[in-house]
Amino acid sequence: MDCVVTGGNVKVLAKAIQSLSRVGDELYVEPEADGLALRSVNSSRSAYACFLFSPLFFSRYTIPTGHSFRCKMAIKSVQAVFRSLATLEKTVEKCHIKLDQQKSRLTFTLHCKHGLLKTHNLSFQDSESLQAVFDKDSCANVFRAQPRLLSDTVIHFPVSLEEVTVSVSDERMWFRNHVEEEAESSRAMLTELCLASDEFDHFAVQAHNSITFCLKELRGLLVFAESTGLPISMYFDEPGSPIILSVTDNVLEGNFVLATLSDDPSLQKHNTKRACSPPPPPLDDFMNDDMDSYLIAMDTSIAPGPSATDPPTPPLANSTFFLWPMPIFKKFGQLMADIYSRFFLF
């Protein structure tokens, strides 16, 4: 792989890497015929993000024909290459990215003004192909808004807020901080903002739903969208299905796929009446009985799955893992906190 990024596109690439760092700790690099794909997934498999830069984004883009290559590396090491984002556009004229498979090195060379060169040799590991399975066209609710509208909305929520709930009707969208049922009866502060449909570039609602998802990844995408001026599109269905946040241009496409909290049908009557729900089941029962209703499948295979008569394939070539939803890890964290308080605190 040998590609060159010039001018203002260097800052766009740096902002994309910064946004991916809000999702996961590792950066997956996969050169493809239709462009360079940069991906990341969080450790709990509840958030996935991908930027695809078409060959037109680069002044030079060449990849070896007939040979696929995939690697991953620590995303912090790539962030160090584009350390000074404020002065990057003024000082860097072009960025040369070259792959050396024999030495397992990915080289970033920044050509700065006055003939100054900055070279970063980053080590990498071979990896499987990371690809989420989602279909934006099948979503019932579709919205598109300028990044400033969403930034002015989420700025009212504290940085420490983990989750936000979005509700929609035919003419309105509400953002409010997600509060656990146990805290609703306490003195927890509730913040809610209402946006009218005419504030959006596109507002199409087929199902009146409320979904809850992590705010951290949305903030990360807003950083990229504000710097590029690209509108953000939102796609979602019912609770438990993923929400897809997307930015699109002629030379790039970014998709963030986030897990949402599932709405247990057995608790819907209790939630509508604001009554106390029964205590949650133990962690083992929860994972065995309700796992299928929470998981969002991610497909990492590079070819269709084998049939029963085919020989088994190596794990690296065909593997499947899942986006794990937020409730599972909340219960796991509560369990670990309880163990810690019982055995390690005196």
# chains A, B, ... in the order shown; residues from 1 in each chain; ligands from 1
>>> select_by_dssp(residues="segment 44-245 of chain A", states="strand (DSSP E or B)", output="PDB file with C-alpha atoms, in the first residue's frame")
ATOM      1  CA  ALA A  47     -20.020   0.292  19.391  1.00  0.00           C
ATOM      2  CA  TYR A  48     -18.458   0.056  15.945  1.00  0.00           C
ATOM      3  CA  ALA A  49     -17.154   2.838  13.704  1.00  0.00           C
ATOM      4  CA  CYS A  50     -15.757   2.931  10.183  1.00  0.00           C
ATOM      5  CA  PHE A  51     -14.433   5.595   7.820  1.00  0.00           C
ATOM      6  CA  LEU A  52     -13.997   4.701   4.156  1.00  0.00           C
ATOM      7  CA  PHE A  53     -11.854   7.086   2.108  1.00  0.00           C
ATOM      8  CA  ARG A  60      -1.969   8.840  -4.991  1.00  0.00           C
ATOM      9  CA  TYR A  61      -3.510   5.542  -3.949  1.00  0.00           C
ATOM     10  CA  THR A  62      -1.995   2.200  -4.933  1.00  0.00           C
ATOM     11  CA  CYS A  71      -3.773  -5.063  10.176  1.00  0.00           C
ATOM     12  CA  LYS A  72      -4.463  -3.426  13.519  1.00  0.00           C
ATOM     13  CA  MET A  73      -2.424  -1.175  15.786  1.00  0.00           C
ATOM     14  CA  ALA A  74      -2.797   0.909  18.909  1.00  0.00           C
ATOM     15  CA  VAL A  92       1.856  19.986   6.928  1.00  0.00           C
ATOM     16  CA  GLU A  93       1.696  19.983   3.129  1.00  0.00           C
ATOM     17  CA  LYS A  94       1.164  16.270   2.590  1.00  0.00           C
ATOM     18  CA  CYS A  95       1.179  12.919   4.379  1.00  0.00           C
ATOM     19  CA  HIS A  96       2.740   9.844   2.804  1.00  0.00           C
ATOM     20  CA  ILE A  97       1.512   6.459   4.107  1.00  0.00           C
ATOM     21  CA  LYS A  98       3.489   3.397   3.076  1.00  0.00           C
ATOM     22  CA  LEU A  99       3.278  -0.229   4.129  1.00  0.00           C
ATOM     23  CA  ASP A 100       6.299  -2.480   4.686  1.00  0.00           C
ATOM     24  CA  ARG A 105       5.761  -1.419   9.746  1.00  0.00           C
ATOM     25  CA  LEU A 106       3.305   1.224   8.607  1.00  0.00           C
ATOM     26  CA  THR A 107       5.208   4.423   7.890  1.00  0.00           C
ATOM     27  CA  PHE A 108       3.646   7.890   8.125  1.00  0.00           C
ATOM     28  CA  THR A 109       5.812  10.649   6.658  1.00  0.00           C
ATOM     29  CA  LEU A 110       4.651  14.232   7.165  1.00  0.00           C
ATOM     30  CA  HIS A 111       6.063  16.678   4.603  1.00  0.00           C
ATOM     31  CA  CYS A 112       6.080  20.013   6.395  1.00  0.00           C
ATOM     32  CA  LEU A 117      10.156  15.712   7.234  1.00  0.00           C
ATOM     33  CA  LYS A 118       8.626  13.861  10.188  1.00  0.00           C
ATOM     34  CA  THR A 119       8.674  10.066   9.911  1.00  0.00           C
ATOM     35  CA  HIS A 120       6.765   7.701  12.191  1.00  0.00           C
ATOM     36  CA  ASN A 121       7.334   3.941  11.876  1.00  0.00           C
ATOM     37  CA  LEU A 122       4.436   2.147  13.568  1.00  0.00           C
ATOM     38  CA  SER A 123       4.361  -1.582  14.208  1.00  0.00           C
ATOM     39  CA  GLN A 125      -0.364  -6.972  13.855  1.00  0.00           C
ATOM     40  CA  ASP A 126      -2.269  -8.995  11.286  1.00  0.00           C
ATOM     41  CA  ALA A 132     -20.513  -4.717  11.018  1.00  0.00           C
ATOM     42  CA  ASN A 141     -36.913   6.523  11.324  1.00  0.00           C
ATOM     43  CA  VAL A 142     -34.457   8.630   9.322  1.00  0.00           C
ATOM     44  CA  PHE A 143     -33.145  12.087  10.231  1.00  0.00           C
ATOM     45  CA  ARG A 144     -30.468  14.419   8.911  1.00  0.00           C
ATOM     46  CA  ALA A 145     -29.244  17.513  10.728  1.00  0.00           C
ATOM     47  CA  GLU A 163     -26.230   7.543  28.074  1.00  0.00           C
ATOM     48  CA  VAL A 164     -28.859   9.685  26.410  1.00  0.00           C
ATOM     49  CA  THR A 165     -32.438   8.838  25.435  1.00  0.00           C
ATOM     50  CA  VAL A 166     -33.900  10.020  22.124  1.00  0.00           C
ATOM     51  CA  SER A 167     -37.677  10.009  21.586  1.00  0.00           C
ATOM     52  CA  VAL A 168     -39.494  10.947  18.391  1.00  0.00           C
ATOM     53  CA  ARG A 172     -40.674  16.512  17.477  1.00  0.00           C
ATOM     54  CA  MET A 173     -37.486  14.907  18.751  1.00  0.00           C
ATOM     55  CA  TRP A 174     -36.557  14.881  22.444  1.00  0.00           C
ATOM     56  CA  PHE A 175     -33.126  14.423  23.981  1.00  0.00           C
ATOM     57  CA  ARG A 176     -32.977  13.636  27.690  1.00  0.00           C
ATOM     58  CA  ASN A 177     -30.461  12.160  30.071  1.00  0.00           C
ATOM     59  CA  GLU A 192     -34.697  17.328  28.398  1.00  0.00           C
ATOM     60  CA  LEU A 193     -34.477  19.284  25.150  1.00  0.00           C
ATOM     61  CA  CYS A 194     -37.043  19.359  22.361  1.00  0.00           C
ATOM     62  CA  LEU A 195     -36.194  19.887  18.689  1.00  0.00           C
ATOM     63  CA  ALA A 196     -38.812  20.707  16.062  1.00  0.00           C
ATOM     64  CA  HIS A 202     -34.662  15.698   6.766  1.00  0.00           C
ATOM     65  CA  PHE A 203     -37.213  14.382   9.266  1.00  0.00           C
ATOM     66  CA  ALA A 204     -39.044  11.103   8.526  1.00  0.00           C
ATOM     67  CA  SER A 210     -37.538   5.946  22.365  1.00  0.00           C
ATOM     68  CA  ILE A 211     -34.011   4.590  22.275  1.00  0.00           C
ATOM     69  CA  THR A 212     -31.117   4.888  24.711  1.00  0.00           C
ATOM     70  CA  PHE A 213     -27.481   4.763  23.622  1.00  0.00           C
ATOM     71  CA  CYS A 214     -24.032   5.945  24.700  1.00  0.00           C
ATOM     72  CA  ILE A 232     -25.135  13.824  10.348  1.00  0.00           C
ATOM     73  CA  SER A 233     -27.791  11.278   9.445  1.00  0.00           C
ATOM     74  CA  MET A 234     -29.493   9.113  12.075  1.00  0.00           C
ATOM     75  CA  TYR A 235     -31.197   5.765  11.401  1.00  0.00           C
ATOM     76  CA  PHE A 236     -32.969   3.640  14.012  1.00  0.00           C
ATOM     77  CA  ILE A 243     -28.752   3.218  15.894  1.00  0.00           C
ATOM     78  CA  ILE A 244     -26.612   4.211  12.920  1.00  0.00           C
ATOM     79  CA  LEU A 245     -24.970   7.628  12.735  1.00  0.00           C
TER      80      LEU A 245
END
>>> select_by_dssp(residues="segment 25-214 of chain A", states="alpha helix (DSSP H)", output="ChimeraX atom specification")
/A:75-81,85-91,147-154,181-184
>>> atom_distance(atom1="atom CA of Ser84 of chain A", atom2="atom CA of Gln18 of chain A")
11.7 Å
>>> closest_residue(among="A:Gly7, A:Gly35, A:Pro242, A:Gly254", to="Phe134 of chain A", atoms="only C-alpha atoms")
A:Pro242
>>> atom_distance(atom1="atom CA of Ser169 of chain A", atom2="atom CA of Leu258 of chain A")
21.3 Å
>>> atom_distance(atom1="atom CA of Thr153 of chain A", atom2="atom CA of His178 of chain A")
14.8 Å
>>> residues_around(residues="Pro31 of chain A", least_positions_apart="3", cutoff="8 Å", atoms="only C-alpha atoms", output="number ranges by chain")
A: 1, 35-37, 63, 68-70
>>> write_last_selection(atoms="N, CA and C atoms", output="PDB file, in the first residue's frame")
ATOM      1  N   MET A   1       0.842  -1.192   0.000  1.00  0.00           N
ATOM      2  CA  MET A   1       0.000   0.000   0.000  1.00  0.00           C
ATOM      3  C   MET A   1       0.876   1.240   0.000  1.00  0.00           C
ATOM      4  N   GLY A  35     -11.234   1.952  -1.726  1.00  0.00           N
ATOM      5  CA  GLY A  35     -10.712   2.964  -0.825  1.00  0.00           C
ATOM      6  C   GLY A  35     -10.070   2.378   0.414  1.00  0.00           C
ATOM      7  N   LEU A  36      -9.571   3.263   1.263  1.00  0.00           N
ATOM      8  CA  LEU A  36      -8.918   2.868   2.512  1.00  0.00           C
ATOM      9  C   LEU A  36      -9.935   2.887   3.638  1.00  0.00           C
ATOM     10  N   ALA A  37     -10.109   1.747   4.301  1.00  0.00           N
ATOM     11  CA  ALA A  37     -11.063   1.624   5.399  1.00  0.00           C
ATOM     12  C   ALA A  37     -10.328   1.672   6.731  1.00  0.00           C
ATOM     13  N   ILE A  63      -2.555  -0.032  -4.249  1.00  0.00           N
ATOM     14  CA  ILE A  63      -2.543  -1.220  -3.401  1.00  0.00           C
ATOM     15  C   ILE A  63      -2.156  -2.410  -4.271  1.00  0.00           C
ATOM     16  N   SER A  68      -4.920  -9.377  -0.491  1.00  0.00           N
ATOM     17  CA  SER A  68      -5.624  -8.632   0.548  1.00  0.00           C
ATOM     18  C   SER A  68      -4.735  -8.485   1.782  1.00  0.00           C
ATOM     19  N   PHE A  69      -4.847  -7.333   2.418  1.00  0.00           N
ATOM     20  CA  PHE A  69      -4.040  -7.053   3.604  1.00  0.00           C
ATOM     21  C   PHE A  69      -4.915  -6.384   4.651  1.00  0.00           C
ATOM     22  N   ARG A  70      -4.766  -6.819   5.895  1.00  0.00           N
ATOM     23  CA  ARG A  70      -5.491  -6.237   7.018  1.00  0.00           C
ATOM     24  C   ARG A  70      -4.564  -6.211   8.221  1.00  0.00           C
TER      25      ARG A  70
END
